[in-house]
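> Pasting a structure below so you can have a look.
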Amino acid sequence: MTNQTQYPAGALIVAEHVSKSYPVGNSTVDILHDVSLTVSEGEVCAIMGPSGSGKSTLLYCLAGLEQPTSGEVALLGKSLTRSTRKQLAELRRAELGFVFQSYNLMPTLPVAENVALPFRLRGERVDRARIEAALDAVGLGGRGSSLPSSMSGGEQQRVAIARVLAQRPQIVFADEPTGALDTRAGRIVLSELRRIGSTPGQCVLIVTHDPAVAASCDRVVFMRDGRLAQQMSAPTTEGVAGMLASLEASVAEVA
Ligand SMILES: Nc1ncnc2c1ncn2[C@@H]1O[C@H](COP(=O)(O)OP(=O)(O)OP(=O)(O)O)[C@@H](O)[C@H]1O
Ligand SMILES: [Mg+2]
């Protein structure tokens, strides 16, 4: 069976009616309900919402790291549900970049080797200049021989971002990419992600709690109780903060 289907031109991430449940004890708990979302090339899209609203779960489903209970996800025009495990691994290795706190670095490999890992996994020659440029871009120039275990959480996160920058994947998934960073490092990382997102043929999907980060994206989608509640194009910090506050208040009312 082919996994090549027709999706809108330029749509790099397509989620259609994605639901996700987890078994808990003898029953199941429904986390995502019927989420449909398209992210197109040249777009940086943010996902926001109250804690526990399902943002990370959605990102994992869209990135092919979790299997939706129902619904379809397609990346770069290829259906994930109809891909074999091998096809999925190849796609992930070649075209996807992840900045997740739990998607971690190899602690015993020097920083430069961690950044070079995707090249090695693909059996490609490692371009040292590109690795060093990526480390420079996140403010870690000259730190290539350090071990991740000797670095702070924020520095480790920047290594993960350098890995994405060196690899230049078509789609970047980032969960709280600036969460552990100070203002300056956060600004560097964000501008690098924006640069990736605005490149033709590429896009970035970011989960963030920070209205200023969301406002620097092209579009913000808001989640509430596992559903997409709102969308905002050309977002502003005030607009995003206001929407988030009203969603949090409505969650508190129900609780
Ligand atoms: N493996 C799992 N088994 C059971 N429940 C889970 C599992 N993973 C997540 N959940 C639940 O799903 C809900 C959504 O979790 P998720 O991590 O997606 O939220 P989030 O919006 O990313 O929150 P935060 O902003 O705090 O990171 C939470 O209630 C969480 O407890
Ligand atoms: Mg989360």
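Residues are referred to by chain and number: the chain letter is A, B, ... according to the order shown in the structure tokens, the number counts from 1 in that chain, and ligands are numbered separately from 1 in the order shown.
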Can you list every residue of chain A that has an atom at most 12 Å from ligand 2, with its nearest atom pair and the distance in Å to one decimal, using only C-alpha atoms and all ligand atoms, ordered by chain then number, as JSON lines?


```
{"residue": "A:Ile47", "atom": "CA", "partner": "ligand 2", "partner_atom_place_in_ligand_line": "1 (Mg)", "distance": 10.1}
{"residue": "A:Met48", "atom": "CA", "partner": "ligand 2", "partner_atom_place_in_ligand_line": "1 (Mg)", "distance": 9.7}
{"residue": "A:Gly49", "atom": "CA", "partner": "ligand 2", "partner_atom_place_in_ligand_line": "1 (Mg)", "distance": 9.5}
{"residue": "A:Pro50", "atom": "CA", "partner": "ligand 2", "partner_atom_place_in_ligand_line": "1 (Mg)", "distance": 9.5}
{"residue": "A:Ser51", "atom": "CA", "partner": "ligand 2", "partner_atom_place_in_ligand_line": "1 (Mg)", "distance": 7.0}
{"residue": "A:Gly52", "atom": "CA", "partner": "ligand 2", "partner_atom_place_in_ligand_line": "1 (Mg)", "distance": 7.0}
{"residue": "A:Ser53", "atom": "CA", "partner": "ligand 2", "partner_atom_place_in_ligand_line": "1 (Mg)", "distance": 8.3}
{"residue": "A:Gly54", "atom": "CA", "partner": "ligand 2", "partner_atom_place_in_ligand_line": "1 (Mg)", "distance": 7.0}
{"residue": "A:Lys55", "atom": "CA", "partner": "ligand 2", "partner_atom_place_in_ligand_line": "1 (Mg)", "distance": 5.5}
{"residue": "A:Ser56", "atom": "CA", "partner": "ligand 2", "partner_atom_place_in_ligand_line": "1 (Mg)", "distance": 4.1}
{"residue": "A:Thr57", "atom": "CA", "partner": "ligand 2", "partner_atom_place_in_ligand_line": "1 (Mg)", "distance": 7.2}
{"residue": "A:Leu58", "atom": "CA", "partner": "ligand 2", "partner_atom_place_in_ligand_line": "1 (Mg)", "distance": 9.2}
{"residue": "A:Leu59", "atom": "CA", "partner": "ligand 2", "partner_atom_place_in_ligand_line": "1 (Mg)", "distance": 8.8}
{"residue": "A:Tyr60", "atom": "CA", "partner": "ligand 2", "partner_atom_place_in_ligand_line": "1 (Mg)", "distance": 9.9}
{"residue": "A:Phe100", "atom": "CA", "partner": "ligand 2", "partner_atom_place_in_ligand_line": "1 (Mg)", "distance": 9.8}
{"residue": "A:Gln101", "atom": "CA", "partner": "ligand 2", "partner_atom_place_in_ligand_line": "1 (Mg)", "distance": 10.0}
{"residue": "A:Ser102", "atom": "CA", "partner": "ligand 2", "partner_atom_place_in_ligand_line": "1 (Mg)", "distance": 10.7}
{"residue": "A:Ala174", "atom": "CA", "partner": "ligand 2", "partner_atom_place_in_ligand_line": "1 (Mg)", "distance": 10.5}
{"residue": "A:Asp175", "atom": "CA", "partner": "ligand 2", "partner_atom_place_in_ligand_line": "1 (Mg)", "distance": 6.9}
{"residue": "A:Glu176", "atom": "CA", "partner": "ligand 2", "partner_atom_place_in_ligand_line": "1 (Mg)", "distance": 7.7}
{"residue": "A:Pro177", "atom": "CA", "partner": "ligand 2", "partner_atom_place_in_ligand_line": "1 (Mg)", "distance": 11.2}
{"residue": "A:Gly179", "atom": "CA", "partner": "ligand 2", "partner_atom_place_in_ligand_line": "1 (Mg)", "distance": 11.0}
{"residue": "A:Ile206", "atom": "CA", "partner": "ligand 2", "partner_atom_place_in_ligand_line": "1 (Mg)", "distance": 10.9}
{"residue": "A:Val207", "atom": "CA", "partner": "ligand 2", "partner_atom_place_in_ligand_line": "1 (Mg)", "distance": 7.5}
{"residue": "A:Thr208", "atom": "CA", "partner": "ligand 2", "partner_atom_place_in_ligand_line": "1 (Mg)", "distance": 8.5}
{"residue": "A:His209", "atom": "CA", "partner": "ligand 2", "partner_atom_place_in_ligand_line": "1 (Mg)", "distance": 9.2}
{"residue": "A:Met223", "atom": "CA", "partner": "ligand 2", "partner_atom_place_in_ligand_line": "1 (Mg)", "distance": 11.6}
{"residue": "A:Gly226", "atom": "CA", "partner": "ligand 2", "partner_atom_place_in_ligand_line": "1 (Mg)", "distance": 11.9}
```

> Let me see the file: selected residues, C-alpha atoms, as a PDB file, in the first residue's frame.


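The resulting file, result.pdb, is shown below:
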```pdb
ATOM      1  CA  ILE A  47       0.570  25.735  20.516  1.00  0.00           C
ATOM      2  CA  MET A  48      -0.583  27.267  23.793  1.00  0.00           C
ATOM      3  CA  GLY A  49      -3.025  26.314  26.495  1.00  0.00           C
ATOM      4  CA  PRO A  50      -3.398  25.632  30.200  1.00  0.00           C
ATOM      5  CA  SER A  51      -1.173  23.014  31.822  1.00  0.00           C
ATOM      6  CA  GLY A  52      -2.569  19.540  31.167  1.00  0.00           C
ATOM      7  CA  SER A  53      -4.572  20.655  28.108  1.00  0.00           C
ATOM      8  CA  GLY A  54      -2.726  18.140  25.890  1.00  0.00           C
ATOM      9  CA  LYS A  55      -0.105  20.285  24.118  1.00  0.00           C
ATOM     10  CA  SER A  56       2.827  17.883  24.555  1.00  0.00           C
ATOM     11  CA  THR A  57       0.637  14.882  23.754  1.00  0.00           C
ATOM     12  CA  LEU A  58      -0.462  16.545  20.522  1.00  0.00           C
ATOM     13  CA  LEU A  59       3.134  17.405  19.597  1.00  0.00           C
ATOM     14  CA  TYR A  60       4.220  13.806  20.213  1.00  0.00           C
ATOM     15  CA  PHE A 100      12.279  18.145  23.616  1.00  0.00           C
ATOM     16  CA  GLN A 101      13.566  18.192  27.146  1.00  0.00           C
ATOM     17  CA  SER A 102      12.990  14.482  27.426  1.00  0.00           C
ATOM     18  CA  ALA A 174       9.899  22.029  19.851  1.00  0.00           C
ATOM     19  CA  ASP A 175       8.371  21.621  23.314  1.00  0.00           C
ATOM     20  CA  GLU A 176       9.094  24.673  25.468  1.00  0.00           C
ATOM     21  CA  PRO A 177      12.322  25.433  23.572  1.00  0.00           C
ATOM     22  CA  GLY A 179      11.610  27.351  28.890  1.00  0.00           C
ATOM     23  CA  ILE A 206       6.462  25.128  19.059  1.00  0.00           C
ATOM     24  CA  VAL A 207       4.700  24.476  22.355  1.00  0.00           C
ATOM     25  CA  THR A 208       5.203  27.439  24.651  1.00  0.00           C
ATOM     26  CA  HIS A 209       3.806  29.026  27.808  1.00  0.00           C
ATOM     27  CA  MET A 223      -5.897  24.149  23.373  1.00  0.00           C
ATOM     28  CA  GLY A 226      -7.600  18.272  24.661  1.00  0.00           C
TER      29      GLY A 226
END
```

> Please list as a compact mmCIF listing (two decimals) with C-alpha atoms, in the first residue's frame every residue within 8 Å of Leu140 of chain A, counting only C-alpha atoms and excluding residues in the same chain fewer than 6 positions away.


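Below is the file selection_28.txt, written as the result:
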```
# COMPACT_ATOMS: atom_id res chain seq x y z
CA GLU A 155 22.94 24.81 27.87
CA ARG A 158 20.83 24.73 23.35
CA VAL A 159 22.93 21.72 22.29
```

> Please determine, counting only C-alpha atoms, which residue among A:Leu91, A:Val18, A:Ala229, A:Val111 has the shortest atom-to-atom distance to Ala162 of chain A.

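When distances to Ala162 of chain A are compared using only C-alpha atoms, the smallest one comes from A:Val111.
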
> Return the single residue from A:Ala137, A:Leu109, A:Asp210, A:Ser79 that is closest to ligand 1, with distances computed using only C-alpha atoms and all ligand atoms.

A:Asp210

> Skip Gly71 of chain A itself and residues of its chain fewer than 5 positions away, then list as a VMD selection string all residues within 7 Å of it, counting only C-alpha atoms.

chain A and resid 16 to 19

> Could you give me, as a VMD selection string, each residue of segment 8-196 of chain A that DSSP assigns to helix (DSSP H, G or I) when run on this structure's backbone?

chain A and resid 55 to 62 85 to 95 111 to 121 128 to 137 148 to 150 153 to 167 183 to 196

> Calculated over only C-alpha atoms, which of the candidates A:Ile13, A:Val189, A:Val35, A:Ile161 has the smallest distance to Ala74 of chain A?

A:Ile13

> Could you name the residues that touch Thr108 of chain A at 9 Å or less, counting only C-alpha atoms, but leaving out those on the same chain fewer than 3 positions away, as JSON, numbers by chain?

{"A": [105, 147, 148, 149]}

> For the atom pair atom CA of Gly123 of chain A and atom CA of Arg194 of chain A, what is the interatomic distance in Å to one decimal place?

28.6 Å

> With a distance cut-off of 8 Å and only C-alpha atoms, select the neighbouring residues of Leu247 of chain A, excluding the residue or stretch itself and same-chain residues fewer than 3 positions from it, and output the selection as an NGL selection string.

:A and (49-50 or 224 or 243-244 or 250-251)

> Let me make sure I understand: among A:Tyr22, A:Gln202, A:Ser145, A:Thr28, which one has the smallest atom-to-atom distance to Glu66 of chain A if we use only C-alpha atoms?

A:Tyr22

> Which of these, A:Ala180, A:Val29, A:Cys61, A:Val240, has the shortest distance to ligand 1 once you count only C-alpha atoms and all ligand atoms?

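Answer, going by the shortest atom-to-atom distance: A:Val29.
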
> For atom CA of Ser146 of chain A and atom CA of Asn114 of chain A, determine how far apart the two atoms are, in Å to one decimal place.

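These atoms are spaced 10.5 Å apart.
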
> From the set A:Glu248, A:Glu192, A:Glu253, A:Asp136, which residue has the shortest atom-to-atom contact distance to ligand 1, counting only C-alpha atoms and all ligand atoms?

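Closest to ligand 1, using only C-alpha atoms and all ligand atoms: A:Glu248.
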